[in-house]
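**Q** Take a look at this one; I'll ask things after.
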Amino acid sequence: MILVLCEVKDHHLKKASAEALSAAQFLAASLQVPIAAVFLGAEAQGHEEAQNYGAQFIFTCFSPALAAYSSDLYAHTLISLAQEKKAKVVLGAATALGKDVLPRVAAQLQGGYANEITEIVPGSGSFQVIRPIYAGKAWMTLGFGDRIAVLSTRPNLFALQVKNETAHRESVTVPSQDFKAVVKELMAKSTNKPDLTEANIIVSGGRGMKEGANFKLLEELAEALGGVVGASRAAVDAGWGLPHSMQVGQTGKVVSPTLYIACGISGAIQHLAGMSSSKYIVAINKDSEAPIFKVASYGIVGDLFDIVPALTSAARALKLNGG
Ligand SMILES: Cc1cc2nc3c(=O)[nH]c(=O)nc-3n(C[C@H](O)[C@H](O)[C@H](O)COP(=O)(O)OP(=O)(O)OC[C@H]3O[C@@H](n4cnc5c(N)ncnc54)[C@H](O)[C@@H]3O)c2cc1C
């Protein structure tokens, strides 16, 4: 069996989890085992959607203890489920939650762990996965032998595979155990914008933005395109009031949107590590030698303070014309 840790947001299955289920379909075909979607926590939504992406089983583990996120309890529940069902693979999306829980599951099950996989190489009775290493400079292919494989899929990379199933539902008991850390309260920042890691369009600014107030230009472009705003570490560290949650890169978020527009970002390797798997990269930089142009699908050499407002006007005009 393949267990897929499913996350729910605003009463719906997260797109990143639907992608993980879609990726699981390749593994299921290789291993000839069923896919089970695992829902932990108090949310009772998203199950129907999981069936649409190939889940043949739906395991729900609802208890008041799981209502607030706890890495220990989530990991422990997944581990006992994996043991009970003799799972061959535990899979999730490389979201903040997935990256927190899945390594614990791998360590305690003494399994193999691959984070942020970008590709699955199916085989007959086995499979391999590919993931970036050295900040995206190289790719590693991994196999797992007889060990249980614990994997996370990089969001926005696996195409959604619709495969309607009628899933068998099972409610799973949450194991009782005392943990050293207990979550007392969780305060979520309310925002109606998607998380950077799930955004389809990102407009990012770097040191070339000169000051925090100028990020308004990027907000306007992002709004016209239906995207969100990110930043380089130089911009976040500059004391311009940009939160670390906006940072893209090796020590920030890894993103794979369809469109990434880098404004006044030089393209240091640590920044590229977070965005080079974007489908289309547009770089705006006044230095024609800036390394960002090496990874850009489209490069615009010029002053961003002229170019960004022009792009915003063009995007607004297209929208007005129904484009
Ligand atoms: C361990 C480690 C981890 C790191 N992690 C990260 C990370 O997660 N994310 C990250 O981003 N960085 C990270 N860095 C930092 C990284 O090395 C770079 O310092 C940083 O990415 C540079 O940010 P930048 O491109 O905004 O600034 P700069 O390198 O200063 O580039 C600014 C660019 O703006 C252009 N520019 C200036 N004015 C204009 C204008 N008016 N119009 C158009 N272009 C203009 C310039 O030509 C230049 O190319 C890390 C570094 C280390 C050592």
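Each chain in the structure tokens gets a letter, A, B, ..., in the order shown, and its residues are numbered from 1; ligands are numbered from 1 in order too.
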Could I get the residue neighbourhood of ligand 1 at 6 Å, counting only C-alpha atoms and all ligand atoms, as a PDB file with N, CA and C atoms, in the first residue's frame?

**A**
```pdb
ATOM      1  N   GLY A 206      14.368  41.934  -5.746  1.00  0.00           N
ATOM      2  CA  GLY A 206      15.647  41.807  -5.058  1.00  0.00           C
ATOM      3  C   GLY A 206      16.169  43.157  -4.609  1.00  0.00           C
ATOM      4  N   ARG A 207      17.479  43.193  -4.355  1.00  0.00           N
ATOM      5  CA  ARG A 207      18.108  44.419  -3.873  1.00  0.00           C
ATOM      6  C   ARG A 207      17.901  45.575  -4.854  1.00  0.00           C
ATOM      7  N   GLY A 208      17.728  45.222  -6.124  1.00  0.00           N
ATOM      8  CA  GLY A 208      17.502  46.248  -7.149  1.00  0.00           C
ATOM      9  C   GLY A 208      16.231  47.046  -6.940  1.00  0.00           C
ATOM     10  N   SER A 232      14.156  38.188  -2.815  1.00  0.00           N
ATOM     11  CA  SER A 232      15.454  37.544  -2.607  1.00  0.00           C
ATOM     12  C   SER A 232      15.849  37.730  -1.143  1.00  0.00           C
ATOM     13  N   ARG A 233      16.855  37.000  -0.730  1.00  0.00           N
ATOM     14  CA  ARG A 233      17.302  37.142   0.657  1.00  0.00           C
ATOM     15  C   ARG A 233      17.866  38.541   0.908  1.00  0.00           C
ATOM     16  N   ALA A 234      18.546  39.092  -0.096  1.00  0.00           N
ATOM     17  CA  ALA A 234      19.115  40.433   0.085  1.00  0.00           C
ATOM     18  C   ALA A 234      18.003  41.417   0.415  1.00  0.00           C
ATOM     19  N   ALA A 235      16.856  41.280  -0.253  1.00  0.00           N
ATOM     20  CA  ALA A 235      15.739  42.192  -0.010  1.00  0.00           C
ATOM     21  C   ALA A 235      15.139  41.951   1.376  1.00  0.00           C
ATOM     22  N   VAL A 248      12.599  33.549  -1.286  1.00  0.00           N
ATOM     23  CA  VAL A 248      12.728  32.402  -2.191  1.00  0.00           C
ATOM     24  C   VAL A 248      14.207  32.017  -2.239  1.00  0.00           C
ATOM     25  N   GLY A 249      14.483  30.737  -2.135  1.00  0.00           N
ATOM     26  CA  GLY A 249      15.878  30.318  -2.266  1.00  0.00           C
ATOM     27  C   GLY A 249      16.252  29.206  -1.326  1.00  0.00           C
ATOM     28  N   GLN A 250      17.543  28.968  -1.274  1.00  0.00           N
ATOM     29  CA  GLN A 250      18.086  27.850  -0.502  1.00  0.00           C
ATOM     30  C   GLN A 250      17.656  27.902   0.956  1.00  0.00           C
ATOM     31  N   THR A 251      17.666  29.099   1.536  1.00  0.00           N
ATOM     32  CA  THR A 251      17.267  29.225   2.936  1.00  0.00           C
ATOM     33  C   THR A 251      15.885  29.871   3.052  1.00  0.00           C
ATOM     34  N   GLY A 252      15.171  29.894   1.936  1.00  0.00           N
ATOM     35  CA  GLY A 252      13.793  30.386   1.945  1.00  0.00           C
ATOM     36  C   GLY A 252      12.896  29.306   1.388  1.00  0.00           C
ATOM     37  N   GLY A 264      15.184  42.884 -10.522  1.00  0.00           N
ATOM     38  CA  GLY A 264      16.321  43.392  -9.755  1.00  0.00           C
ATOM     39  C   GLY A 264      16.947  42.327  -8.885  1.00  0.00           C
ATOM     40  N   ILE A 265      16.995  41.113  -9.405  1.00  0.00           N
ATOM     41  CA  ILE A 265      17.615  39.976  -8.699  1.00  0.00           C
ATOM     42  C   ILE A 265      18.768  39.489  -9.568  1.00  0.00           C
ATOM     43  N   SER A 266      19.956  39.360  -8.985  1.00  0.00           N
ATOM     44  CA  SER A 266      21.136  39.045  -9.809  1.00  0.00           C
ATOM     45  C   SER A 266      21.156  37.585 -10.263  1.00  0.00           C
ATOM     46  N   GLY A 267      20.588  36.680  -9.423  1.00  0.00           N
ATOM     47  CA  GLY A 267      20.575  35.267  -9.804  1.00  0.00           C
ATOM     48  C   GLY A 267      21.698  34.481  -9.149  1.00  0.00           C
ATOM     49  N   ALA A 268      21.968  34.785  -7.868  1.00  0.00           N
ATOM     50  CA  ALA A 268      22.965  34.007  -7.108  1.00  0.00           C
ATOM     51  C   ALA A 268      22.471  32.567  -7.014  1.00  0.00           C
ATOM     52  N   GLN A 270      22.201  30.580  -4.646  1.00  0.00           N
ATOM     53  CA  GLN A 270      21.281  30.287  -3.540  1.00  0.00           C
ATOM     54  C   GLN A 270      19.854  30.750  -3.873  1.00  0.00           C
ATOM     55  N   HIS A 271      19.730  31.762  -4.712  1.00  0.00           N
ATOM     56  CA  HIS A 271      18.381  32.167  -5.132  1.00  0.00           C
ATOM     57  C   HIS A 271      17.848  31.181  -6.178  1.00  0.00           C
ATOM     58  N   ILE A 284      14.209  40.653 -15.171  1.00  0.00           N
ATOM     59  CA  ILE A 284      14.321  42.082 -15.503  1.00  0.00           C
ATOM     60  C   ILE A 284      15.518  42.605 -14.725  1.00  0.00           C
ATOM     61  N   ASN A 285      16.542  43.016 -15.447  1.00  0.00           N
ATOM     62  CA  ASN A 285      17.765  43.459 -14.777  1.00  0.00           C
ATOM     63  C   ASN A 285      18.494  44.442 -15.679  1.00  0.00           C
ATOM     64  N   LYS A 286      19.089  45.472 -15.072  1.00  0.00           N
ATOM     65  CA  LYS A 286      19.752  46.458 -15.920  1.00  0.00           C
ATOM     66  C   LYS A 286      21.159  46.015 -16.329  1.00  0.00           C
ATOM     67  N   ASP A 287      21.627  44.940 -15.679  1.00  0.00           N
ATOM     68  CA  ASP A 287      22.957  44.424 -16.014  1.00  0.00           C
ATOM     69  C   ASP A 287      22.796  43.214 -16.959  1.00  0.00           C
ATOM     70  N   ALA A 290      24.067  39.805 -15.776  1.00  0.00           N
ATOM     71  CA  ALA A 290      23.573  39.192 -14.522  1.00  0.00           C
ATOM     72  C   ALA A 290      23.302  37.695 -14.747  1.00  0.00           C
ATOM     73  N   GLY A 302      17.099  46.281 -18.665  1.00  0.00           N
ATOM     74  CA  GLY A 302      16.632  47.659 -18.531  1.00  0.00           C
ATOM     75  C   GLY A 302      16.301  47.966 -17.091  1.00  0.00           C
ATOM     76  N   ASP A 303      15.794  49.190 -16.892  1.00  0.00           N
ATOM     77  CA  ASP A 303      15.477  49.660 -15.544  1.00  0.00           C
ATOM     78  C   ASP A 303      14.096  49.134 -15.132  1.00  0.00           C
ATOM     79  N   LEU A 304      14.088  48.382 -14.038  1.00  0.00           N
ATOM     80  CA  LEU A 304      12.815  47.772 -13.604  1.00  0.00           C
ATOM     81  C   LEU A 304      11.767  48.830 -13.285  1.00  0.00           C
ATOM     82  N   PHE A 305      12.231  50.034 -12.891  1.00  0.00           N
ATOM     83  CA  PHE A 305      11.256  51.071 -12.525  1.00  0.00           C
ATOM     84  C   PHE A 305      10.495  51.604 -13.751  1.00  0.00           C
TER      85      PHE A 305
END
```

**Q** What are the nearest atom pairs, with distances in Å to one decimal, for all residues of region 102-140 of chain A that come at most 12 Å from region 84-89 of chain A, using only C-alpha atoms, set out by chain and rising residue number as a Markdown table?

**A**
```
| residue | atom | partner | partner_atom | distance |
| --- | --- | --- | --- | --- |
| A:Leu102 | CA | A:Val89 | CA | 11.2 |
| A:Val105 | CA | A:Val89 | CA | 10.9 |
| A:Ala106 | CA | A:Val89 | CA | 10.0 |
| A:Leu109 | CA | A:Ala87 | CA | 10.7 |
| A:Gly111 | CA | A:Val89 | CA | 9.2 |
| A:Gly112 | CA | A:Val89 | CA | 9.6 |
| A:Tyr113 | CA | A:Val89 | CA | 10.0 |
| A:Ala114 | CA | A:Val89 | CA | 11.2 |
| A:Gly125 | CA | A:Lys88 | CA | 11.2 |
| A:Ser126 | CA | A:Lys88 | CA | 10.2 |
| A:Phe127 | CA | A:Val89 | CA | 10.8 |
| A:Gln128 | CA | A:Val89 | CA | 12.0 |
```

**Q** With N, CA and C atoms kept, could you save the residues just selected as a PDB file, in the first residue's frame?

**A**
```
ATOM      1  N   LEU A 102       7.443  14.197   7.499  1.00  0.00           N
ATOM      2  CA  LEU A 102       7.920  13.018   6.765  1.00  0.00           C
ATOM      3  C   LEU A 102       9.331  12.555   7.159  1.00  0.00           C
ATOM      4  N   VAL A 105       8.993  10.382  10.107  1.00  0.00           N
ATOM      5  CA  VAL A 105       8.411   9.074   9.774  1.00  0.00           C
ATOM      6  C   VAL A 105       9.513   8.170   9.214  1.00  0.00           C
ATOM      7  N   ALA A 106      10.311   8.724   8.300  1.00  0.00           N
ATOM      8  CA  ALA A 106      11.385   7.933   7.670  1.00  0.00           C
ATOM      9  C   ALA A 106      12.373   7.457   8.717  1.00  0.00           C
ATOM     10  N   LEU A 109      10.889   4.749  11.010  1.00  0.00           N
ATOM     11  CA  LEU A 109      10.624   3.476  10.323  1.00  0.00           C
ATOM     12  C   LEU A 109      11.898   2.895   9.725  1.00  0.00           C
ATOM     13  N   GLY A 111      13.444   3.945   7.219  1.00  0.00           N
ATOM     14  CA  GLY A 111      13.225   3.862   5.770  1.00  0.00           C
ATOM     15  C   GLY A 111      14.176   4.771   5.032  1.00  0.00           C
ATOM     16  N   GLY A 112      14.026   4.772   3.702  1.00  0.00           N
ATOM     17  CA  GLY A 112      14.798   5.706   2.897  1.00  0.00           C
ATOM     18  C   GLY A 112      13.983   6.970   2.729  1.00  0.00           C
ATOM     19  N   TYR A 113      14.657   8.119   2.688  1.00  0.00           N
ATOM     20  CA  TYR A 113      13.919   9.389   2.607  1.00  0.00           C
ATOM     21  C   TYR A 113      14.415  10.216   1.429  1.00  0.00           C
ATOM     22  N   ALA A 114      13.499  10.705   0.628  1.00  0.00           N
ATOM     23  CA  ALA A 114      13.865  11.629  -0.457  1.00  0.00           C
ATOM     24  C   ALA A 114      12.910  12.813  -0.426  1.00  0.00           C
ATOM     25  N   GLY A 125       8.022  -3.619 -10.484  1.00  0.00           N
ATOM     26  CA  GLY A 125       8.164  -4.075  -9.108  1.00  0.00           C
ATOM     27  C   GLY A 125       9.026  -3.153  -8.248  1.00  0.00           C
ATOM     28  N   SER A 126       9.586  -2.126  -8.838  1.00  0.00           N
ATOM     29  CA  SER A 126      10.384  -1.163  -8.064  1.00  0.00           C
ATOM     30  C   SER A 126      10.307   0.192  -8.763  1.00  0.00           C
ATOM     31  N   PHE A 127      10.942   1.163  -8.198  1.00  0.00           N
ATOM     32  CA  PHE A 127      10.948   2.484  -8.827  1.00  0.00           C
ATOM     33  C   PHE A 127      12.158   3.260  -8.325  1.00  0.00           C
ATOM     34  N   GLN A 128      12.476   4.325  -9.020  1.00  0.00           N
ATOM     35  CA  GLN A 128      13.510   5.251  -8.551  1.00  0.00           C
ATOM     36  C   GLN A 128      12.915   6.652  -8.552  1.00  0.00           C
TER      37      GLN A 128
END
```

**Q** Identify which of the residues A:Ser63, A:Gln108, A:Thr118, A:Ser288 lies closest to Arg154 (chain A), counting only C-alpha atoms when measuring atom-to-atom distances.

**A**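 Of A:Ser63, A:Gln108, A:Thr118, A:Ser288, the one nearest Arg154 (chain A) is A:Thr118, counting only C-alpha atoms.
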
**Q** I'd like to know which of A:Leu13, A:Cys263, A:Ala135, A:Leu272 is closest to Lys294 (chain A), using only C-alpha atoms.

**A**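 Between A:Leu13, A:Cys263, A:Ala135, A:Leu272, the residue approaching Lys294 (chain A) most closely is A:Leu272.
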
**Q** Hey, which of A:Val228, A:Leu221, A:Ile300, A:Ala93 ends up closest to Thr312 (chain A)? Count only C-alpha atoms.

**A**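 Comparing A:Val228, A:Leu221, A:Ile300, A:Ala93 against Thr312 (chain A), the winner is A:Leu221.
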
**Q** Report the residues of region 171-236 of chain A whose backbone DSSP state falls under strand (DSSP E), written as a ChimeraX atom specification.

**A** /A:171,201-205,228-231

**Q** Please write the residues from the selection above to a file, keeping C-alpha atoms, as a CSV table (one decimal), in the first residue's frame.

**A**
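Heads up, here's the output in again_26.csv:
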```csv
chain,number,residue,atom,x,y,z
A,171,SER,CA,-11.5,5.4,10.4
A,201,ILE,CA,2.6,33.2,-10.7
A,202,ILE,CA,5.3,34.9,-8.6
A,203,VAL,CA,6.7,38.3,-9.0
A,204,SER,CA,9.9,38.6,-7.0
A,205,GLY,CA,12.0,41.6,-6.1
A,228,VAL,CA,1.9,36.7,-5.4
A,229,VAL,CA,5.1,38.6,-4.4
A,230,GLY,CA,8.3,37.0,-3.3
A,231,ALA,CA,11.8,38.4,-2.6
```

**Q** Name the residues in contact with Phe57 (chain A) at a cut-off of 10 Å, using only C-alpha atoms, excluding same-chain residues fewer than 5 positions from it; report them as a list in words.

**A** Met1, Ile2, Leu3, Pro34, Ile35, Ala36, Ala37, Val38, His47, Ala50, Gln51, Glu165, Thr166, Ala167, His168, Arg169 and Glu170 of chain A

**Q** Can you tell me, as a list of chain:residue names, what residues are no more than 12 Å from Glu185 (chain A) when counting only C-alpha atoms, ignoring any on the same chain fewer than 5 positions away?

**A**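 Here the answer would be A:Ala67, A:Ala68, A:Tyr69, A:Ser70.
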
**Q** Just want the 9 Å neighbourhood of Tyr74 (chain A), counted on only C-alpha atoms, with same-chain residues fewer than 4 positions away dropped. Output as a ChimeraX atom specification.

**A** /A:40-41,66,69-70,78-79,101

**Q** Using N, CA and C atoms, can you write the selected residues to a file as a PDB file, in the first residue's frame?

**A**
```pdb
ATOM      1  N   LEU A  40      -5.404  13.561   8.480  1.00  0.00           N
ATOM      2  CA  LEU A  40      -5.216  13.697   9.926  1.00  0.00           C
ATOM      3  C   LEU A  40      -5.790  15.041  10.365  1.00  0.00           C
ATOM      4  N   GLY A  41      -6.358  15.072  11.546  1.00  0.00           N
ATOM      5  CA  GLY A  41      -6.820  16.360  12.060  1.00  0.00           C
ATOM      6  C   GLY A  41      -8.320  16.481  12.028  1.00  0.00           C
ATOM      7  N   LEU A  66      -5.610  15.609  17.484  1.00  0.00           N
ATOM      8  CA  LEU A  66      -5.028  15.940  16.188  1.00  0.00           C
ATOM      9  C   LEU A  66      -5.556  17.268  15.628  1.00  0.00           C
ATOM     10  N   TYR A  69      -2.122  21.038  15.021  1.00  0.00           N
ATOM     11  CA  TYR A  69      -0.993  20.334  14.417  1.00  0.00           C
ATOM     12  C   TYR A  69       0.102  20.052  15.447  1.00  0.00           C
ATOM     13  N   SER A  70       0.546  18.806  15.476  1.00  0.00           N
ATOM     14  CA  SER A  70       1.672  18.448  16.334  1.00  0.00           C
ATOM     15  C   SER A  70       2.556  17.503  15.527  1.00  0.00           C
ATOM     16  N   LEU A  78       1.049   8.425  11.550  1.00  0.00           N
ATOM     17  CA  LEU A  78       1.425   7.902  10.226  1.00  0.00           C
ATOM     18  C   LEU A  78       2.283   6.647  10.359  1.00  0.00           C
ATOM     19  N   ILE A  79       3.192   6.655  11.327  1.00  0.00           N
ATOM     20  CA  ILE A  79       4.090   5.511  11.514  1.00  0.00           C
ATOM     21  C   ILE A  79       3.288   4.269  11.871  1.00  0.00           C
ATOM     22  N   VAL A 101       6.945  16.590   9.009  1.00  0.00           N
ATOM     23  CA  VAL A 101       6.503  15.267   9.476  1.00  0.00           C
ATOM     24  C   VAL A 101       7.262  14.118   8.820  1.00  0.00           C
TER      25      VAL A 101
END
```

**Q** For Val255 (chain A), which residue among A:Gly54, A:Pro194, A:Gly299, A:Pro155 is the nearest when counting only C-alpha atoms?

**A**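 The shortest atom-to-atom distance to Val255 (chain A) comes from A:Pro155.
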
**Q** Taking into account only C-alpha atoms, which residue in the set A:Lys184, A:Val90, A:Ala149, A:Ala224 is nearest to Leu318 (chain A)?

**A**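 So, comparing all the options, the nearest one is A:Ala224.
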
**Q** Taking into account only C-alpha atoms, which residue in the set A:Cys61, A:Ala138, A:Leu151, A:Val8 is nearest to Asn115 (chain A)?

**A** A:Leu151

**Q** As an exercise, work out the distance from CA of Asp10 (chain A) to CA of Val150 (chain A) in Å and give it to one decimal place.

**A** 26.7 Å

**Q** Find the residues near Val121 (chain A): any atom within 10 Å, counting only C-alpha atoms, skip ones fewer than 6 places away on the same chain, and give them as a ChimeraX atom specification.

**A** /A:26-27,30,127-130,141-143

**Q** Put those residues in a file: all heavy atoms, as a PDB file, in the first residue's frame.

**A**
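Listing of selection.pdb after writing:
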```pdb
ATOM      1  N   PHE A  26       1.901   6.648 -10.342  1.00  0.00           N
ATOM      2  CA  PHE A  26       3.048   6.028 -11.039  1.00  0.00           C
ATOM      3  C   PHE A  26       3.652   4.924 -10.170  1.00  0.00           C
ATOM      4  O   PHE A  26       4.028   3.862 -10.652  1.00  0.00           O
ATOM      5  CB  PHE A  26       4.130   7.061 -11.339  1.00  0.00           C
ATOM      6  CG  PHE A  26       3.700   8.092 -12.337  1.00  0.00           C
ATOM      7  CD1 PHE A  26       3.413   9.381 -11.936  1.00  0.00           C
ATOM      8  CD2 PHE A  26       3.567   7.762 -13.675  1.00  0.00           C
ATOM      9  CE1 PHE A  26       3.008  10.331 -12.857  1.00  0.00           C
ATOM     10  CE2 PHE A  26       3.160   8.702 -14.606  1.00  0.00           C
ATOM     11  CZ  PHE A  26       2.877   9.994 -14.195  1.00  0.00           C
ATOM     12  N   LEU A  27       3.744   5.223  -8.849  1.00  0.00           N
ATOM     13  CA  LEU A  27       4.327   4.239  -7.930  1.00  0.00           C
ATOM     14  C   LEU A  27       3.424   3.019  -7.832  1.00  0.00           C
ATOM     15  O   LEU A  27       3.892   1.880  -7.823  1.00  0.00           O
ATOM     16  CB  LEU A  27       4.507   4.854  -6.536  1.00  0.00           C
ATOM     17  CG  LEU A  27       5.347   6.125  -6.466  1.00  0.00           C
ATOM     18  CD1 LEU A  27       5.316   6.716  -5.069  1.00  0.00           C
ATOM     19  CD2 LEU A  27       6.780   5.804  -6.866  1.00  0.00           C
ATOM     20  N   SER A  30       3.872   0.715 -10.668  1.00  0.00           N
ATOM     21  CA  SER A  30       5.120  -0.065 -10.586  1.00  0.00           C
ATOM     22  C   SER A  30       5.028  -1.155  -9.542  1.00  0.00           C
ATOM     23  O   SER A  30       5.474  -2.280  -9.751  1.00  0.00           O
ATOM     24  CB  SER A  30       6.285   0.850 -10.198  1.00  0.00           C
ATOM     25  OG  SER A  30       6.652   1.631 -11.275  1.00  0.00           O
ATOM     26  N   PHE A 127      10.942   1.163  -8.198  1.00  0.00           N
ATOM     27  CA  PHE A 127      10.948   2.484  -8.827  1.00  0.00           C
ATOM     28  C   PHE A 127      12.158   3.260  -8.325  1.00  0.00           C
ATOM     29  O   PHE A 127      12.789   2.888  -7.332  1.00  0.00           O
ATOM     30  CB  PHE A 127       9.659   3.250  -8.482  1.00  0.00           C
ATOM     31  CG  PHE A 127       9.556   3.591  -7.022  1.00  0.00           C
ATOM     32  CD1 PHE A 127      10.051   4.784  -6.523  1.00  0.00           C
ATOM     33  CD2 PHE A 127       9.002   2.681  -6.115  1.00  0.00           C
ATOM     34  CE1 PHE A 127       9.980   5.092  -5.169  1.00  0.00           C
ATOM     35  CE2 PHE A 127       8.937   2.972  -4.759  1.00  0.00           C
ATOM     36  CZ  PHE A 127       9.424   4.186  -4.300  1.00  0.00           C
ATOM     37  N   GLN A 128      12.476   4.325  -9.020  1.00  0.00           N
ATOM     38  CA  GLN A 128      13.510   5.251  -8.551  1.00  0.00           C
ATOM     39  C   GLN A 128      12.915   6.652  -8.552  1.00  0.00           C
ATOM     40  O   GLN A 128      11.924   6.899  -9.250  1.00  0.00           O
ATOM     41  CB  GLN A 128      14.714   5.198  -9.476  1.00  0.00           C
ATOM     42  CG  GLN A 128      15.447   3.858  -9.432  1.00  0.00           C
ATOM     43  CD  GLN A 128      16.632   3.851 -10.356  1.00  0.00           C
ATOM     44  OE1 GLN A 128      16.576   4.351 -11.469  1.00  0.00           O
ATOM     45  NE2 GLN A 128      17.735   3.279  -9.899  1.00  0.00           N
ATOM     46  N   VAL A 129      13.534   7.534  -7.788  1.00  0.00           N
ATOM     47  CA  VAL A 129      13.064   8.927  -7.810  1.00  0.00           C
ATOM     48  C   VAL A 129      14.253   9.837  -8.104  1.00  0.00           C
ATOM     49  O   VAL A 129      15.416   9.464  -7.873  1.00  0.00           O
ATOM     50  CB  VAL A 129      12.412   9.349  -6.469  1.00  0.00           C
ATOM     51  CG1 VAL A 129      11.198   8.510  -6.164  1.00  0.00           C
ATOM     52  CG2 VAL A 129      13.412   9.300  -5.315  1.00  0.00           C
ATOM     53  N   ILE A 130      13.930  11.015  -8.611  1.00  0.00           N
ATOM     54  CA  ILE A 130      14.983  11.999  -8.904  1.00  0.00           C
ATOM     55  C   ILE A 130      14.710  13.248  -8.079  1.00  0.00           C
ATOM     56  O   ILE A 130      13.556  13.673  -7.958  1.00  0.00           O
ATOM     57  CB  ILE A 130      14.998  12.331 -10.416  1.00  0.00           C
ATOM     58  CG1 ILE A 130      15.325  11.063 -11.199  1.00  0.00           C
ATOM     59  CG2 ILE A 130      16.015  13.434 -10.723  1.00  0.00           C
ATOM     60  CD1 ILE A 130      15.360  11.229 -12.702  1.00  0.00           C
ATOM     61  N   THR A 141      19.583  10.360  -8.516  1.00  0.00           N
ATOM     62  CA  THR A 141      18.583   9.303  -8.715  1.00  0.00           C
ATOM     63  C   THR A 141      18.717   8.316  -7.564  1.00  0.00           C
ATOM     64  O   THR A 141      19.829   7.881  -7.247  1.00  0.00           O
ATOM     65  CB  THR A 141      18.839   8.576 -10.057  1.00  0.00           C
ATOM     66  OG1 THR A 141      18.827   9.562 -11.088  1.00  0.00           O
ATOM     67  CG2 THR A 141      17.761   7.550 -10.346  1.00  0.00           C
ATOM     68  N   LEU A 142      17.608   8.005  -6.931  1.00  0.00           N
ATOM     69  CA  LEU A 142      17.649   7.152  -5.733  1.00  0.00           C
ATOM     70  C   LEU A 142      16.733   5.941  -5.868  1.00  0.00           C
ATOM     71  O   LEU A 142      15.619   6.063  -6.382  1.00  0.00           O
ATOM     72  CB  LEU A 142      17.129   7.936  -4.527  1.00  0.00           C
ATOM     73  CG  LEU A 142      17.969   9.068  -3.990  1.00  0.00           C
ATOM     74  CD1 LEU A 142      17.082  10.209  -3.584  1.00  0.00           C
ATOM     75  CD2 LEU A 142      18.737   8.592  -2.787  1.00  0.00           C
ATOM     76  N   GLY A 143      17.211   4.809  -5.375  1.00  0.00           N
ATOM     77  CA  GLY A 143      16.366   3.621  -5.255  1.00  0.00           C
ATOM     78  C   GLY A 143      16.307   3.253  -3.777  1.00  0.00           C
ATOM     79  O   GLY A 143      17.120   3.752  -2.982  1.00  0.00           O
TER      80      GLY A 143
END
```

**Q** Could you pull out the residues in region 151-241 of chain A that DSSP calls alpha helix (DSSP H) from the backbone, as a PyMOL selection string?

**A** chain A and resi 215-225+233-237

**Q** Just N, CA, C and O atoms for this one: save the residues we selected as a compact mmCIF listing (two decimals), in the first residue's frame.

**A**
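And here's part-v4.txt as it stands now:
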```txt
# COMPACT_ATOMS: atom_id res chain seq x y z
N PHE A 215 8.20 47.85 -3.37
CA PHE A 215 7.55 46.55 -3.61
C PHE A 215 6.07 46.73 -4.01
O PHE A 215 5.44 45.81 -4.51
N LYS A 216 5.55 47.95 -3.76
CA LYS A 216 4.18 48.26 -4.20
C LYS A 216 4.06 48.01 -5.71
O LYS A 216 3.02 47.52 -6.18
N LEU A 217 5.13 48.34 -6.45
CA LEU A 217 5.11 48.13 -7.91
C LEU A 217 4.92 46.65 -8.23
O LEU A 217 4.21 46.29 -9.17
N LEU A 218 5.59 45.79 -7.42
CA LEU A 218 5.49 44.35 -7.66
C LEU A 218 4.11 43.82 -7.25
O LEU A 218 3.56 42.95 -7.90
N GLU A 219 3.57 44.41 -6.14
CA GLU A 219 2.22 44.03 -5.71
C GLU A 219 1.23 44.30 -6.85
O GLU A 219 0.34 43.49 -7.13
N GLU A 220 1.41 45.47 -7.48
CA GLU A 220 0.46 45.86 -8.55
C GLU A 220 0.56 44.91 -9.74
O GLU A 220 -0.44 44.49 -10.30
N LEU A 221 1.81 44.56 -10.10
CA LEU A 221 1.99 43.64 -11.23
C LEU A 221 1.42 42.26 -10.87
O LEU A 221 0.71 41.64 -11.67
N ALA A 222 1.73 41.82 -9.63
CA ALA A 222 1.24 40.50 -9.20
C ALA A 222 -0.29 40.49 -9.21
O ALA A 222 -0.91 39.51 -9.65
N GLU A 223 -0.89 41.56 -8.75
CA GLU A 223 -2.35 41.61 -8.71
C GLU A 223 -2.93 41.57 -10.13
O GLU A 223 -3.90 40.85 -10.40
N ALA A 224 -2.30 42.30 -11.04
CA ALA A 224 -2.79 42.32 -12.42
C ALA A 224 -2.67 40.94 -13.07
O ALA A 224 -3.47 40.58 -13.92
N LEU A 225 -1.67 40.18 -12.64
CA LEU A 225 -1.45 38.85 -13.25
C LEU A 225 -2.12 37.72 -12.46
O LEU A 225 -2.14 36.59 -12.91
N ARG A 233 16.86 37.00 -0.73
CA ARG A 233 17.30 37.14 0.66
C ARG A 233 17.87 38.54 0.91
O ARG A 233 17.67 39.10 1.98
N ALA A 234 18.55 39.09 -0.10
CA ALA A 234 19.11 40.43 0.09
C ALA A 234 18.00 41.42 0.41
O ALA A 234 18.16 42.30 1.27
N ALA A 235 16.86 41.28 -0.25
CA ALA A 235 15.74 42.19 -0.01
C ALA A 235 15.14 41.95 1.38
O ALA A 235 14.81 42.90 2.10
N VAL A 236 15.01 40.67 1.75
CA VAL A 236 14.42 40.35 3.06
C VAL A 236 15.35 40.82 4.19
O VAL A 236 14.91 41.35 5.21
N ASP A 237 16.67 40.65 3.98
CA ASP A 237 17.64 41.01 5.03
C ASP A 237 17.91 42.52 5.09
O ASP A 237 18.59 42.98 6.00
```
